[in-house]
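Notes for the one structure printed next.
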Amino acid sequence: MTVKIFGALGSYPEYYLSKNLDSQAVVILPNKKRLKVFVNDFNIYSEFFQKDIKCVEFPDSTDPFDLESQIKRNFFISCLLTNKKILGGFTPESLSIQIDKNINKRIYEIYVNKNLNRDELIEYLVKSGYIREDFIENEGEFTVKGGVISVFIPFTGLVELDYFGDEIENIYIKSRLNTRKKINKVTIFPLYDRPIKSGSHQDIIFEETDTVEIKNLISKLKIISVDTYRNILDKTDLIFYSSGENENISTDIDKYKNFKVIELPIRQPVVIKNEKIIYKNKENQKIDLQIEPLKEGDLIIHEDFGIGIFKGIETKEIKGKKYDFMILEYADSEKIYVSYLHFDKIHKYKGTKLVSPDKLGGTSWRSLKRRIKNSLKKMAKQLIKLYSERQGIKREPLSLDNELLFEFERSFPYIETPDQLKAILDVINDLSSPKPMERVICGDVGFGKTEVALRAVFINTVNGRQSLVLTPTTVLSYQHYKNFKERLEPFGIVVENLSRLKNKKETEEILSRLSEGKIDVVIGTHKALNENVKFKNLGLLVIDEEHRFGVRAKEKIRLLKKDIDTLYMTATPIPRTLNMALSGLKDISVINTPPEGRVETKTIVSVHSEDLILKAVNFELNRNGQIFYLHNRVETIYDKAKELQNMFPKAKIGIAHGRMKPKEIEKVILNFIENKIDILVSTSIIETGIDIPTANTLIIERADTFGLAQLYHLRGRVGRGNIQAYCYLLVPNEITETAEERINVIKRLTRPGSGLKVSIEDMKIRGVGNILGVEQSGYIKTVGYEMYIKLLQEAINEESGSDEKDVEIIVGLESFIPEEFISDPQERMNIYMTVSKLENEDEIERLKEYLSDFYDGIPKAFNMYLEISKLKRVVKNKGIDRIELKEPITVIHFNNEINPDLISNITRNFNINRITSNKIEIFFTSSQMGKLIESFKISKHEEIKI
């Protein structure tokens with residue numbers, strides 16, 4: 001019998017199934033967009049209700065090189081065949097996908113003490129699509145080092161198989177902090193639908209296999225459908241319809257004021273009326289666990305003592321309690337022992353010049369810090385002045401027509417990433433406040449900054465105001481024009497383009513209509529800043545890559561933006577630490593997450609080979625794609641184009657280089673964008689912002705001559721969609737050691753968004769320059785990025801009168817990571833350094849949840865270390881000088897800045913031994929640590945605001 005549930009609004013199907021489903025099942029959604037939302041919300045609810053069932057999408061792509069789709073499908077099938085709880089998410093189209101009839105023979109269940117020939121396993125991994133590398137960076141890679149085979153299995157993690165002869169002696173799984181735990185068994189599944197016969201990348205030849213429709217495999221499972229109005233399978237056990245009435249379900253979260261509210265990072269809120277609960281969407285609070293391990297012998301910077309050498313960690317017993325200390329060596333072999341409570345003062349030295357350790361008690365480090373701080377204080381003063389001026393400007397808040405905005409959001413064909421949603425929300429909040437917006441949207445190429453700008457433009461237009469979108473080049477202006485027109489015109493919004501592509505007559509007509517208010521949105525280059533460009537009611541200015549405009553254009557922008565809303569877009573990385581240091585002074589939204597379905601660009605390093613070029617170009621042409629061919633010498637570029645024309649006689653070839661007239665370059669690139677050219681032979685002048693989804697092969701000759709940031713940006717020109725892209729770095733037989741290093745880094749950084757990784761230090765430096773509007777690279781290279789940002793934060797705090805002082809905590813409780821829990825000192829160090837860099841109590845709590853889940857619980861001393869780390873952050877800026885954290889009596893020393901309510905909190909929560917004018921003595925046991933932390937959650941008596 002089929003059960004039907006009507007009025008299943010919002011995320012009710014996800015909520016209901018996550019609570020009630022306890023076996024393998026299939027859910028059918030009407031389209032891909034609804035499926036992706038379902039997968040997200042179901043997994044959030046499942047985790048919240050502590051269920052051990054996961055939902056995975058079963059994509060309908062039949063492209064044999066669409067690896068991500070095949071990984072998802074094969075993971076689902078492997079869970080089915082190994083009896084793991086799983087919910088497969090389908091669309092009607094994906095139900096007809098053909099799968100390997102004998103896929104069960106290609107799924108390996110590996111357990112401790114199993115006999116499995118090592119060479120047989122390596123052969124299986126290669127045939128299944130796993131790539132052998134020297135170091136593992138990404139999913140689907142493996143390494144062989146002696147008796148250990150490490151495999152990064154999608155949906156599982158990085159697994160180490162420790163061999164003794166042909167027997168698997170141990171299996172370890174690695175955490176995101178590079179620590180390990182033992183497990184008893186693991187399942188390895190194939191990445192591709194069919195076994196690989198030979199070759200790699202686009203040379204892969206697959207074996208022929210008998211296939212069967214996936215329907216056959218799932219027919220006996222429980223079948224559920226959501227808003228699917230046609231019978232696709234013979235039976236459906238449960239059907240959800242969003243239409244119809246349901247007295248227990250609503251999505252009007254503002255109507256039920258007295259209901260309990262639970263905030264989760266779901267996409268669709270829902271009200272469960274009979275339970276009096278609202279499940280409301282909130283920002284996905286993820287923590288960045290990108291760690292950079294400290295190894296013995298590494299140079300470090302201690303904020304107080306300068307450059308030293310890391311010599312490992314040591315556990316010491318003091319008054320019967322154990323603690324971990326970091327050993328640092330300075331000049332003349334002098335050593336200091338640093339408590340884990342002060343690891344936040346230690347940063348890895350990443351300067352480029354050779355240095356020797358500082359002398360303890362010397363003056364060179366202190367004077368260098370003073371010089372940098374003085375330079376930063378001038379900058380901080382300027383930032384605070386600009387901020388204060390901006391605070392004084394007011395305008396009417398923009399009204400939001402939620403129904404119309406909802407319709408516009410629905411017309412976006414993709415699922416917004418969490419970071420994108422956060423940026424959109426930031427922009428909406430800015431526009432609905434009485435203060436003009438001035439926000440920076442930062443995100444890697446193709447991460448969805450344009451959609452954020454589109455939402456701002458839409459709201460601005462609905463409020464009867466005009467928008468100007470400025471781009472540094474004609475080509476970018478044309479691309480934005482096409483995108484904005486496609487998205488906005490269905491809503492009756494008039495979009496025009498002002499650039500060199502318009503003739504005099506067209507330009508005059510646009511200017512006339514613009515001044516009359518008949519054009520809502522203008523996309524243009526600096527030409528749109530000319531004095532003859534008059535708006536009837538300009539309300540929003542969007543600027544793409546402002547740092548690429550000239551001085552005069554920047555000055556015009558400064559005058560134009562005084563009392564209107566301004567949105568900047570930049571692809572230059574703005575790391576989180578800089579963002580936090582500037583919070584309150586500059587509004588920055590960072591989009592770190594790549595769009596759903598974005599496939600990493602495969603990077604292949606090879607000695608220059610005509611055979612490789614033939615294969616690469618033919619492969620791309622055969623799938624109706626386009627090729628960037630980078631030849632960085634103007635003198636020989638025409639010869640190279642002729643050579644390629646002989647190799648590919650049917651291909652249409654274009655040439656672009658810096659000695660051509662700007663209009664000629666534009667014409668070639670526009671022809672390339674409009675698919676009139678198959679192969680574009682160019683120097684490195686091609687726009688970094690160009691978005692050509694059909695150009696997915698990039699060949700770079702003499703890649704060894706390019707800088708790291710340059711290579712990274714060049715590679716960003718391909719791989720903008722969900723099609724597998726390829727970047728070939730061609731090098732001579734012999735290259736320099738530094739060039740080899742650069743090539744290896746770019747090869748490793750294949751993930752979309754890796755531009756924000758620490759390896760690309762010079763890009764971080766550029767990010768600082770662009771945001772602060774000053775050149776600071778010398779100082780950053782001297783002390784390292786992290787130390788520089790810390791000094792910037794201190795300078796801002798001092799200039800704004802909100803100087804933060806660390807509270808001294810004297811610990812008399814056992815709080816460390818026990819050696820018997822994690823024996824490897826390097827792994828313990830990874831955790832200590834990660835915790836030291838976390839900003840607040842919430843981040844530490846999320847890390848604690850992650851580690852507790854990974855290790856199935858953590859020891860008491862480890863838990864106490866994390867709780868003390870929370871306390872250290874909570875007591876900052878609260879008028880507390882020192883805490884002596886001991887049993888049975890803890891002493892809290894305070895000053896006259898303390899909020900009297902905080903004293904009341906402490907006296908209410910604890911039995912008091914003694915209280916004086918500057919300290920409180922409380923009776924305390926380690927089990928009351930949570931209560932102590934909560935007692936400090938109150939503002940300082942007089943909070944100083946900028």
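Convention: chains lettered A, B, ... in structure tokens order; per-chain residue numbering from 1; ligands numbered from 1 as shown.
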
As a PyMOL selection string, please: the residues near Ser150 (chain A) (cut-off 9 Å, only C-alpha atoms, same-chain neighbours under 4 positions excluded).
chain A and resi 136+141-145+158-162

Export of the given selection (C-alpha atoms) as an mmCIF file, in the first residue's frame:
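After the write, result_0.cif holds the following:
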data_model
loop_
_atom_site.group_PDB
_atom_site.id
_atom_site.type_symbol
_atom_site.label_atom_id
_atom_site.label_comp_id
_atom_site.auth_asym_id
_atom_site.auth_seq_id
_atom_site.Cartn_x
_atom_site.Cartn_y
_atom_site.Cartn_z
ATOM 1 C CA ILE A 136 48.381 12.393 -1.471
ATOM 2 C CA GLU A 141 44.936 9.175 -5.041
ATOM 3 C CA PHE A 142 47.173 6.570 -3.410
ATOM 4 C CA THR A 143 50.808 6.154 -2.409
ATOM 5 C CA VAL A 144 53.019 3.109 -1.848
ATOM 6 C CA LYS A 145 55.802 3.569 0.700
ATOM 7 C CA LEU A 158 42.591 8.873 3.939
ATOM 8 C CA VAL A 159 43.229 5.252 4.908
ATOM 9 C CA GLU A 160 46.600 3.581 5.597
ATOM 10 C CA LEU A 161 46.947 -0.177 5.041
ATOM 11 C CA ASP A 162 49.946 -1.471 6.998
#

As a ChimeraX atom specification, please: every residue in region 491-735 of chain A that a backbone DSSP assignment puts in alpha helix (DSSP H).
/A:504-515,551-560,576-581,610-622,637-647,662-673,708-715

For region 331-333 of chain A, find every residue with an atom within 8 Å (counting only C-alpha atoms), except residues of its own chain fewer than 6 positions away, and show them as an NGL selection string.
:A and (308 or 356-360)

Preceding selection exported with N, CA and C atoms as a PDB file, in the first residue's frame:
ATOM      1  N   GLY A 308      63.218  31.426  16.255  1.00  0.00           N
ATOM      2  CA  GLY A 308      63.908  30.335  16.940  1.00  0.00           C
ATOM      3  C   GLY A 308      63.739  29.049  16.154  1.00  0.00           C
ATOM      4  N   SER A 356      69.135  33.562  11.001  1.00  0.00           N
ATOM      5  CA  SER A 356      69.631  32.756  12.129  1.00  0.00           C
ATOM      6  C   SER A 356      68.787  33.100  13.346  1.00  0.00           C
ATOM      7  N   PRO A 357      68.727  32.213  14.342  1.00  0.00           N
ATOM      8  CA  PRO A 357      67.868  32.462  15.510  1.00  0.00           C
ATOM      9  C   PRO A 357      68.234  33.754  16.229  1.00  0.00           C
ATOM     10  N   ASP A 358      67.219  34.412  16.795  1.00  0.00           N
ATOM     11  CA  ASP A 358      67.442  35.627  17.580  1.00  0.00           C
ATOM     12  C   ASP A 358      68.083  35.270  18.920  1.00  0.00           C
ATOM     13  N   LYS A 359      68.620  36.310  19.553  1.00  0.00           N
ATOM     14  CA  LYS A 359      69.226  36.120  20.870  1.00  0.00           C
ATOM     15  C   LYS A 359      68.177  36.427  21.932  1.00  0.00           C
ATOM     16  N   LEU A 360      68.014  35.501  22.890  1.00  0.00           N
ATOM     17  CA  LEU A 360      67.047  35.743  23.966  1.00  0.00           C
ATOM     18  C   LEU A 360      67.481  36.975  24.753  1.00  0.00           C
TER      19      LEU A 360
END

Determine, counting only C-alpha atoms, which protein, DNA and RNA residues have an atom within 10 Å of an atom of Ala651 (chain A); residues of the same chain fewer than 4 positions away are not included. Present the result as number ranges by chain.
A: 617-618, 621, 626, 644-647, 677-679
